[in-house]
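Report on one structure; see the data block that follows.
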Amino acid sequence: MSNSVTKRSEILFCYDISDANPNGDPLDANKPRIDEETKTNIVTDVRLKRTIRDYLYEHRGYNGKDGKDIFVREISLENGYIQDGKTRAKDFKENPNTIKEQCIDVRLFGGVIPLEEKKKDKKKKNPEMIEGEESDENKGNSITFTGPVQFKIGRSLHQVELTHIKGSGAFASGDSSTQKTFREEYVLPYSFIAFHGIINEKAATHTGMTDADIGELIEGIWNGTKNLISRSKFGQMPRLLLKVTYKESGYFIGDLDKRISISGVENELKIRSLKDFKLDTSELVKVLEANKDKIEKIELIKDEYLTLTNEIGNATLLKI
């Protein structure tokens, strides 16, 4: 079995999207999420985690067979309803150990495991309880695992422009109508988005995350983004993925996404492709160099069409 994770890591992931919607807000006509103050595009960490989960489910065999599964996934029941959390937990006989062993998303991202109501017993202590959490006996209905892998909300490195598109549908608007229905959608002509993440070796001891799991995570980030070939996500491509592993337990630089920026652009709203700008990595290179004594290794994969102002030295190829 793969080794347990003992070192802390940071992740910087950049991707772009053209003429599509990276993360719609269901409470606002499914429009792309935009920070009204800065006019930058927002993508939730939940969206990125879903991308990873979907890739692992569809392409890496985490589909409920051979002891490999995704805990948080949509499962349809025979009555047409969608399985809820408590019913999902029963698939594993409500055994937290079994859930962690089989479900890579719990090992990576943690989760709340709903359980049947139990009588409170303050004298008993659940051996699966995370430090600082109440046991399931005390809570009465769940066990919480803090995920070792956490991402901040992603943001575009530039201002974006929202485009409203209207069109006609294929069907009539009613049984006796001669007019077709109309459809409308909101897209972004272009958005270059950066995510920052932490791999916490301390939390990994509670979920049982391994080095092999991290390998699957990295592949899911890169290839999962590339394989989002739905109507609203087509046009999305991974461009840069950086993983920094540290020597000291608990140490990390932080805010790697704030160490990069867009350069060579007069009007950010006119950006339409990688040809229109360079990614300024001068501050990132500077902070990595300043912390080189605390860094064990730097791994990187970069799209050939992305131009950096400063190459990241001493980086080895990140295996996908």
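Ligands are numbered from 1 in the order shown, residues from 1 within each chain, and chains are lettered A, B, ... in the order they appear in the structure tokens.
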Enumerate, in order of chain and increasing residue number, the residues of stretch 210-299 of chain A with an atom no farther than 9 Å from stretch 45-54 of chain A, each with its shortest atom pair and distance in Å to one decimal, counting only C-alpha atoms, as JSON lines.
{"residue": "A:Glu216", "atom": "CA", "partner": "A:Ile52", "partner_atom": "CA", "distance": 8.9}
{"residue": "A:Leu217", "atom": "CA", "partner": "A:Ile52", "partner_atom": "CA", "distance": 6.9}
{"residue": "A:Ile218", "atom": "CA", "partner": "A:Ile52", "partner_atom": "CA", "distance": 8.8}
{"residue": "A:Glu219", "atom": "CA", "partner": "A:Ile52", "partner_atom": "CA", "distance": 8.4}
{"residue": "A:Gly220", "atom": "CA", "partner": "A:Ile52", "partner_atom": "CA", "distance": 4.6}
{"residue": "A:Ile221", "atom": "CA", "partner": "A:Ile52", "partner_atom": "CA", "distance": 5.7}
{"residue": "A:Trp222", "atom": "CA", "partner": "A:Ile52", "partner_atom": "CA", "distance": 8.7}
{"residue": "A:Asn223", "atom": "CA", "partner": "A:Ile52", "partner_atom": "CA", "distance": 8.7}
{"residue": "A:Gly224", "atom": "CA", "partner": "A:Thr51", "partner_atom": "CA", "distance": 5.7}
{"residue": "A:Thr225", "atom": "CA", "partner": "A:Thr51", "partner_atom": "CA", "distance": 6.4}
{"residue": "A:Asn227", "atom": "CA", "partner": "A:Thr51", "partner_atom": "CA", "distance": 8.9}
{"residue": "A:Leu228", "atom": "CA", "partner": "A:Thr51", "partner_atom": "CA", "distance": 7.5}
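Using only C-alpha atoms, the protein and nucleic acid residues lying no more than 6 Å from stretch 83-92 of chain A, apart from those fewer than 3 places from it along its own chain, are Ile75, Asn95, Pro114 and Leu115 of chain A.
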What does the file look like for those residues with N, CA and C atoms, as a short mmCIF file (atom, residue, chain, number, x, y, z; two decimals), in the first residue's frame?
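Below is the file part.cif, written as the result:
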data_model
loop_
_atom_site.label_atom_id
_atom_site.label_comp_id
_atom_site.auth_asym_id
_atom_site.auth_seq_id
_atom_site.Cartn_x
_atom_site.Cartn_y
_atom_site.Cartn_z
N ILE A 75 -26.77 9.45 -6.86
CA ILE A 75 -27.23 8.08 -7.10
C ILE A 75 -28.76 8.09 -7.14
N ASN A 95 -20.16 2.47 8.50
CA ASN A 95 -18.85 2.22 9.09
C ASN A 95 -17.85 3.25 8.58
N PRO A 114 -23.35 11.09 7.71
CA PRO A 114 -24.61 11.03 8.48
C PRO A 114 -24.86 9.61 8.99
N LEU A 115 -25.30 9.52 10.22
CA LEU A 115 -25.59 8.23 10.84
C LEU A 115 -27.00 8.22 11.41
#
In Å, how far is it from atom CA of A:Gln159 to atom CA of A:Thr307?
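Answer for the atom CA of A:Gln159 to atom CA of A:Thr307 separation: 19.4 Å.
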Compare A:Ala29, A:Ala203, A:Ile260, A:Leu306 by their minimum atom-to-atom distance to A:Val106, counting only C-alpha atoms, and give me the closest one.
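Once distances to A:Val106 are computed over only C-alpha atoms, the minimum belongs to A:Ala203.
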Would you please work out which residue, of A:Ser263, A:Asp213, A:Glu311, A:Tyr186, is nearest to A:Val285 when using only C-alpha atoms?
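Using only C-alpha atoms, A:Val285 sits closest to A:Glu311.
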I'd like to know which of A:Arg60, A:Arg155, A:Lys297, A:Arg272 is closest to A:Leu188, using only C-alpha atoms.
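Nearest to A:Leu188: A:Arg272.
Among the candidates A:Lys93, A:Leu240, A:Ile165, A:Pro32, the one nearest to A:Arg183 when counting only C-alpha atoms is A:Ile165.
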A:Glu299, A:Glu304, A:Asp28, A:Glu36: which is nearest A:Thr245, counting only C-alpha atoms?
A:Glu299
With 7 Å as the cut-off and only C-alpha atoms counted, what is the closest atom pair between each nearby residue of stretch 197-284 of chain A and stretch 11-20 of chain A? Distances in Å to one decimal, ordered by chain and number, as a tab-separated table.
residue	atom	partner	partner_atom	distance
A:Gly197	CA	A:Ile11	CA	4.8
A:Ile198	CA	A:Ile11	CA	6.2
A:Ser232	CA	A:Ala20	CA	5.4
A:Lys233	CA	A:Ala20	CA	5.8
A:Phe234	CA	A:Ala20	CA	6.7
A:Gly235	CA	A:Ser18	CA	5.2
A:Gln236	CA	A:Ile17	CA	4.2
A:Met237	CA	A:Tyr15	CA	5.6
A:Pro238	CA	A:Tyr15	CA	4.2
A:Arg239	CA	A:Tyr15	CA	4.9
A:Leu240	CA	A:Cys14	CA	5.0
A:Leu241	CA	A:Phe13	CA	4.5
A:Leu242	CA	A:Leu12	CA	5.0
A:Lys243	CA	A:Ile11	CA	4.7
A:Val244	CA	A:Ile11	CA	6.5
A:Leu256	CA	A:Leu12	CA	6.3
A:Asp257	CA	A:Leu12	CA	6.3
With only C-alpha atoms as the atoms that count, which of A:Gly80, A:Gly264, A:Gly67, A:Gly154 lies nearest to A:Gln102?
A:Gly67
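Across the structure, atom CA of A:Leu56 and atom CA of A:Glu78 are spaced 24.8 Å apart.
Distance-wise, atom CA of A:Ser156 and atom CA of A:Leu318 end up 23.4 Å apart.
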Can you list, as a PyMOL selection string, all residues belonging to stretch 11-135 of chain A that DSSP tags as helix (DSSP H, G or I)?
chain A and resi 45-59+85-90+96-102+104-109
Could those residues be written to a file, using C-alpha atoms, as a JSON list (two decimals), in the first residue's frame?
[["chain", "number", "residue", "atom", "x", "y", "z"],
["A", 45, "ASP", "CA", -13.85, 25.26, -4.45],
["A", 46, "VAL", "CA", -16.91, 22.99, -4.61],
["A", 47, "ARG", "CA", -16.84, 23.25, -8.42],
["A", 48, "LEU", "CA", -13.19, 22.20, -8.57],
["A", 49, "LYS", "CA", -13.76, 19.30, -6.17],
["A", 50, "ARG", "CA", -16.69, 18.15, -8.30],
["A", 51, "THR", "CA", -14.44, 18.22, -11.36],
["A", 52, "ILE", "CA", -11.96, 15.97, -9.56],
["A", 53, "ARG", "CA", -14.66, 13.61, -8.25],
["A", 54, "ASP", "CA", -16.27, 13.25, -11.68],
["A", 55, "TYR", "CA", -12.93, 12.46, -13.32],
["A", 56, "LEU", "CA", -11.99, 9.85, -10.72],
["A", 57, "TYR", "CA", -15.44, 8.26, -11.04],
["A", 58, "GLU", "CA", -15.50, 8.18, -14.84],
["A", 59, "HIS", "CA", -11.84, 7.53, -15.67],
["A", 85, "GLY", "CA", -26.57, 11.30, 2.83],
["A", 86, "LYS", "CA", -27.94, 8.91, 5.44],
["A", 87, "THR", "CA", -28.94, 6.38, 2.83],
["A", 88, "ARG", "CA", -25.52, 6.72, 1.22],
["A", 89, "ALA", "CA", -23.82, 5.98, 4.54],
["A", 90, "LYS", "CA", -25.88, 2.80, 4.82],
["A", 96, "PRO", "CA", -16.50, 5.24, 8.97],
["A", 97, "ASN", "CA", -13.45, 3.01, 8.47],
["A", 98, "THR", "CA", -15.02, 1.35, 5.44],
["A", 99, "ILE", "CA", -16.01, 4.72, 4.00],
["A", 100, "LYS", "CA", -12.47, 6.07, 4.34],
["A", 101, "GLU", "CA", -10.90, 2.92, 2.92],
["A", 102, "GLN", "CA", -13.14, 2.84, -0.15],
["A", 104, "ILE", "CA", -11.03, 8.56, -2.15],
["A", 105, "ASP", "CA", -12.99, 11.82, -1.93],
["A", 106, "VAL", "CA", -13.39, 11.37, 1.84],
["A", 107, "ARG", "CA", -9.66, 10.69, 2.17],
["A", 108, "LEU", "CA", -8.92, 13.82, 0.13],
["A", 109, "PHE", "CA", -11.65, 16.31, 1.03]]
